[in-house]
Amino acid sequence: MTRGITAAAGYLPHWRLDRTSIAAVAGGGGGKGTRAVAAYDEDTTTMGVEAARTALRSLEGPAPHTLWFSTVAPAYADKTNATAIHAALRLGTDVGAFDVHGSVRSAMGALHAAVGGRGTHIVVSADLRTGLAGSPDESAFGDGAAALVIGDDRDGPLLAELIGGGWATEEFLDRWRTPGEVRSKVWEERFGETRYLPLGETAWDDALKSADLIADQVDRVAIAGPHGRANAALAKKLAIGDRLVPDLDASVGNLGAAQPAFLLTAALEAAEPGQVIALIALADGAHVQLYRTTEAVTQWTPARPLTAQAAGGAPIAYGTYLRWRGVLPTEPPRRPEPARPSASASSRSTDWKFGFVGSSGPAGEVHLPPQPLDASAVPMADAVGTIATFTIDRLAYSPSPPVVFAVVDFDGGGRLPVELTDIDVAQVRIGARVELTFRRLFTADGIHNYFWKARLVA
Amino acid sequence: MSSHGIKDRVAIVGMGCTRFAEHWDKGLDDLLLDATGEAFTSAGVTKDDVDAYWLGTAQGGMSGMLLAKPLQLEGKPVTRVENMCATGSEALRQAAYAVASGAYDLAMAVGVEKVKDSGYQGLNAFPVPSDGTQRTLTAAAMFSMVAPAYAERYGVPMDELKATLARIASKNHHNGARNPRAQFRREMSVEQILAMPDVAGCLSVFDCAGVADGAAAAIVCRAEDAHRYTDRPLFVKALSFVAGNGSGLTDPAYDYTTFPEIAACAADAYAQAGITDPRAELAMAEVHDCFTPTELVLMEDLGFCERGTAWKEINAGAFDLTGDLPVNPDGGLKSFGHPVGASGLRMLFEAWLQLRSEAPPERQIGTVADRHLALTHNLGGYPGEMVSFVGIVGTEPTA
């Protein structure tokens, strides 16, 4: 039995912040290039859903029996966030869903547990980084998510098989954050670098030994971790050279907890069969995994290639970014704030609210939302539709007015008047094609109201 | 299964209506006392003479005690009713059926809303605990989708349609300016209205109903008793109601250029009243102009003109105060204001004034010289999912 990766996907939000726009407002900071910015209606859970559903779309083997979700910015504490992803993916109640939160290392830990375990796992990681205005973190990091499906070769083709690994753990203070704060603090960077280099070398050597390889036999190396300087130094120390999987720091930013799986996915998308790919994560220690790609990688068509996602997107003004993240408190709309969703009502409609499952009537017509008299359920989350008509509502409450709203007719039946997102008012038109995306409509009484919106088909 | 109606079995014998306004100095109780007091006086009765009450309010409070307490009613049945923005009409419908059944001799329908205590502009729905997936769009935005759909279906250039919508608002402001009980009493030209910025779709605030506090009341009895209370009663010809099933929201065939619930409701009302040509037989109509595109489409759904022609008829002045069929001679929701639970009865109040030639001379319609029927239309909800009321009253006991 060989274990490895059966599907992989990354998700980048639509918006890009131009780092050169930061200093004029913040009085410093910023830099060159852009970073990915989660929309006001996204959080690590919704981005995790987007990455996971994209990964599952190309999965040929069995559905996961365990879901791991890892982030440094969980939408809820005390309540599991993985269960919302589980519901949005319409996984069965017999599929376990667990949070592995707190640090970038947690994401690598979840992947480590999944490859070392049995059965099929989906490992979802997401990061949403803010930091104070003008901070290095604000510029260096980006928002995004990634999902890897891990399974056995008995159950279906592996894109890449795990051939070895090594790791090293050490307690030292590099980066830390008090729960609830937007700002992470870092010790003098040089100190972290001196810790990461030997740990990285140890893990690397152990990994090569476990796979019975020498360093030159590794074709591609992805180095992830929040300590950019240590990442670069290790690449130099290990003489990775042009085998390094390019990070997307210039256009997207360091994706933090999502970075290991994201870079591995990027490497797989560009890979040829028989290549050895190393994933190195430097976060409170070092962790190395070695994979060898299979023939299946040539058959694999990523549903949303990362290169296209990285090249896409639309600019967001720095002021809007600050407002969306709550760093710049602004006057809320002068409308009553929405009421918190009911836990019991939400529970009864989990299939609709989280899974976007409609129903079909006696003549086969699709009903959205599902109607109580209908007998059969119709999953519609992956449906594509056309805008029949639309309006712009400058009066309705929204965390980011105006509300862009359209009546959408779905291919294969079904109509839903639904909010649009990731869109400029000028872009909306009758006849435009839209797809669904899982979002957080608003938060009331600390309850995140998750539901679906529509966005233009990329 | 039939809708028989109660044509000529029930009469309206007294009415009252407060001014609709931002009544910062009046509460729900004050508004109720004002409207019911005027209605009692109008019919020459006291609160004790009325056997049963129906109180319509969408969000003013709970239960019949909302009326029993301020009026200090003793041992009277009071029913609170709610049917969205058609609440006032629903109260009338229940009171009329109650006297028609013989259960009571004299009944009152009251509608009231105190919307200006919320601290927010506009109307704000009472939140019912839900799964959070419901649409949160404003009514203005929902109805705004009618305009481009209508323009597209009938090939009307959008700027021409916008001018027609502005003409609807301008007409209702013109009428409201001649109404001392209306919220807005200033005339607005088409040009002024067209210059306003859009707030929802292509609608500006001048395409939207006024938001006001107010109350209105009607006293009903069996038709044969009507002349005990007044020489000039209005006889109920039709009371029709349709609650939509929301299919317009889910049916891709729905195109936002018509409100099927209203067309069905109007057909039922005309059948009850024995009306075959509403445009020629009605002296006036009060319709639910919550937004200007609503009034546009209503002209067709209520059968006042052929489909696709309302915009031309409006431009030609057919529904002006001096037009062929005056629509909203009191200023409508646009200019009279829209205290949700009161609006249906406010419409009836205008029919009461106009058919009895008691409207102020500057807005008294001339059609009453040879026509004796008035229509009131009240809706609640949104395109695709609405409730509709159509009532018809007349001064003559037989058609």
# chains A, B, ... in the order shown; residues from 1 in each chain; ligands from 1
$ interface_residues --of "chain B" --to "chain A" --cutoff "6 Å" --atoms "only C-alpha atoms" --output "list in words"
Pro129, Ser130, Asp131, Gly132, Leu137, Thr138, Ala141, Val199, Ala200, Gly201, Thr250 and Pro252 of chain B
$ write_last_selection --atoms "N, CA and C atoms" --output "CSV table (one decimal), in the first residue's frame"
chain,number,residue,atom,x,y,z
B,129,PRO,N,-37.0,34.6,13.8
B,129,PRO,CA,-35.8,33.7,13.8
B,129,PRO,C,-35.8,32.8,12.6
B,130,SER,N,-34.7,32.7,11.9
B,130,SER,CA,-34.6,31.9,10.7
B,130,SER,C,-33.2,31.4,10.5
B,131,ASP,N,-33.1,30.6,9.4
B,131,ASP,CA,-31.8,30.0,9.2
B,131,ASP,C,-30.8,31.0,8.5
B,132,GLY,N,-31.2,32.3,8.3
B,132,GLY,CA,-30.3,33.3,7.8
B,132,GLY,C,-30.1,33.3,6.3
B,137,LEU,N,-32.7,42.0,0.7
B,137,LEU,CA,-32.9,43.1,-0.2
B,137,LEU,C,-34.0,44.0,0.2
B,138,THR,N,-33.9,45.3,0.0
B,138,THR,CA,-35.1,46.2,0.3
B,138,THR,C,-36.2,45.9,-0.7
B,141,ALA,N,-35.5,47.7,-3.9
B,141,ALA,CA,-34.7,47.0,-4.9
B,141,ALA,C,-35.4,45.9,-5.6
B,199,VAL,N,-31.2,55.1,-5.7
B,199,VAL,CA,-30.9,54.4,-4.5
B,199,VAL,C,-31.1,52.9,-4.6
B,200,ALA,N,-32.0,52.4,-5.5
B,200,ALA,CA,-32.2,51.0,-5.7
B,200,ALA,C,-32.5,50.8,-7.1
B,201,GLY,N,-31.6,50.1,-7.8
B,201,GLY,CA,-31.8,49.9,-9.3
B,201,GLY,C,-31.9,51.3,-9.9
B,250,THR,N,-39.1,31.4,-7.8
B,250,THR,CA,-38.4,30.1,-8.2
B,250,THR,C,-38.6,29.7,-9.6
B,252,PRO,N,-38.4,30.1,-13.5
B,252,PRO,CA,-37.7,30.9,-14.5
B,252,PRO,C,-38.6,31.5,-15.5
$ select_by_dssp --residues "segment 58-118 of chain B" --states "strand (DSSP E or B)" --output "PyMOL selection string"
chain B and resi 78-81+83+85+106-113
$ closest_residue --among "B:Cys85, B:Ile392, B:Leu373, B:Ala68" --to "Asp48 of chain B" --atoms "only C-alpha atoms"
B:Ala68
$ residues_around --residues "Ala296 of chain A" --least-positions-apart "5" --cutoff "10 Å" --atoms "only C-alpha atoms" --output "PyMOL selection string"
chain A and resi 6+156-160+272-273
$ residues_around --residues "Lys236 of chain A" --least-positions-apart "5" --cutoff "12 Å" --atoms "only C-alpha atoms" --output "ChimeraX atom specification"
/A:197,200-201,221,223,229-231,241-244
$ residues_around --residues "Ala226 of chain B" --least-positions-apart "3" --cutoff "10 Å" --atoms "only C-alpha atoms" --output "mmCIF file with N, CA and C atoms, in the first residue's frame"
data_model
loop_
_atom_site.group_PDB
_atom_site.id
_atom_site.type_symbol
_atom_site.label_atom_id
_atom_site.label_comp_id
_atom_site.auth_asym_id
_atom_site.auth_seq_id
_atom_site.Cartn_x
_atom_site.Cartn_y
_atom_site.Cartn_z
ATOM 1 N N VAL B 10 -73.275 44.331 2.591
ATOM 2 C CA VAL B 10 -72.626 45.084 3.676
ATOM 3 C C VAL B 10 -72.410 46.515 3.206
ATOM 4 N N ALA B 11 -72.573 47.448 4.150
ATOM 5 C CA ALA B 11 -72.368 48.853 3.826
ATOM 6 C C ALA B 11 -71.339 49.466 4.765
ATOM 7 N N ILE B 12 -70.635 50.442 4.235
ATOM 8 C CA ILE B 12 -69.718 51.253 5.047
ATOM 9 C C ILE B 12 -70.492 52.508 5.427
ATOM 10 N N VAL B 13 -70.568 52.761 6.731
ATOM 11 C CA VAL B 13 -71.444 53.850 7.176
ATOM 12 C C VAL B 13 -70.708 54.933 7.952
ATOM 13 N N GLY B 14 -69.435 54.755 8.159
ATOM 14 C CA GLY B 14 -68.681 55.796 8.843
ATOM 15 C C GLY B 14 -67.201 55.559 8.642
ATOM 16 N N ALA B 43 -70.312 58.001 11.793
ATOM 17 C CA ALA B 43 -71.466 57.107 11.745
ATOM 18 C C ALA B 43 -72.509 57.455 12.798
ATOM 19 N N LEU B 106 -72.917 45.599 13.976
ATOM 20 C CA LEU B 106 -72.040 46.728 13.650
ATOM 21 C C LEU B 106 -70.596 46.339 13.982
ATOM 22 N N VAL B 220 -68.812 49.192 9.576
ATOM 23 C CA VAL B 220 -69.642 48.471 8.611
ATOM 24 C C VAL B 220 -70.864 47.854 9.307
ATOM 25 N N CYS B 221 -71.935 47.742 8.527
ATOM 26 C CA CYS B 221 -73.137 47.080 9.021
ATOM 27 C C CYS B 221 -73.791 46.347 7.847
ATOM 28 N N ARG B 222 -74.837 45.593 8.114
ATOM 29 C CA ARG B 222 -75.568 44.961 7.003
ATOM 30 C C ARG B 222 -76.207 46.061 6.158
ATOM 31 N N ALA B 223 -76.279 45.830 4.867
ATOM 32 C CA ALA B 223 -76.724 46.871 3.936
ATOM 33 C C ALA B 223 -78.092 47.419 4.312
ATOM 34 N N TYR B 229 -77.551 54.957 9.822
ATOM 35 C CA TYR B 229 -76.328 55.662 10.218
ATOM 36 C C TYR B 229 -75.949 56.801 9.274
ATOM 37 N N THR B 230 -76.290 56.666 8.013
ATOM 38 C CA THR B 230 -75.888 57.687 7.050
ATOM 39 C C THR B 230 -76.835 57.675 5.851
ATOM 40 N N ASP B 231 -76.991 58.827 5.247
ATOM 41 C CA ASP B 231 -77.799 58.910 4.029
ATOM 42 C C ASP B 231 -77.040 58.415 2.811
ATOM 43 N N ARG B 232 -75.734 58.440 2.938
ATOM 44 C CA ARG B 232 -74.938 58.097 1.763
ATOM 45 C C ARG B 232 -73.919 57.008 2.100
ATOM 46 N N PRO B 233 -74.392 55.817 2.327
ATOM 47 C CA PRO B 233 -73.446 54.729 2.610
ATOM 48 C C PRO B 233 -72.724 54.288 1.336
ATOM 49 N N LEU B 234 -71.644 53.581 1.555
ATOM 50 C CA LEU B 234 -71.004 52.889 0.426
ATOM 51 C C LEU B 234 -71.305 51.404 0.590
ATOM 52 N N PHE B 235 -71.704 50.785 -0.510
ATOM 53 C CA PHE B 235 -72.017 49.357 -0.463
ATOM 54 C C PHE B 235 -70.816 48.548 -0.962
#
$ residues_around --residues "Phe259 of chain B" --least-positions-apart "5" --cutoff "8 Å" --atoms "only C-alpha atoms" --output "PyMOL selection string"
chain B and resi 297-298+301+383-384
$ select_by_dssp --residues "segment 284-445 of chain A" --states "helix (DSSP H, G or I)" --output "ChimeraX atom specification"
/A:296-299,306-311,318-325,343-348,350-353,425-427
$ residues_around --residues "segment 282-289 of chain B" --least-positions-apart "3" --cutoff "8 Å" --atoms "only C-alpha atoms" --output "JSON, numbers by chain"
{"B": [209, 278, 279, 292, 293, 294, 295, 298, 325, 326, 327, 328, 329, 332, 333, 334, 347, 348, 350, 351, 355, 367, 368, 371, 372, 373, 374, 375, 376, 377, 378, 379]}
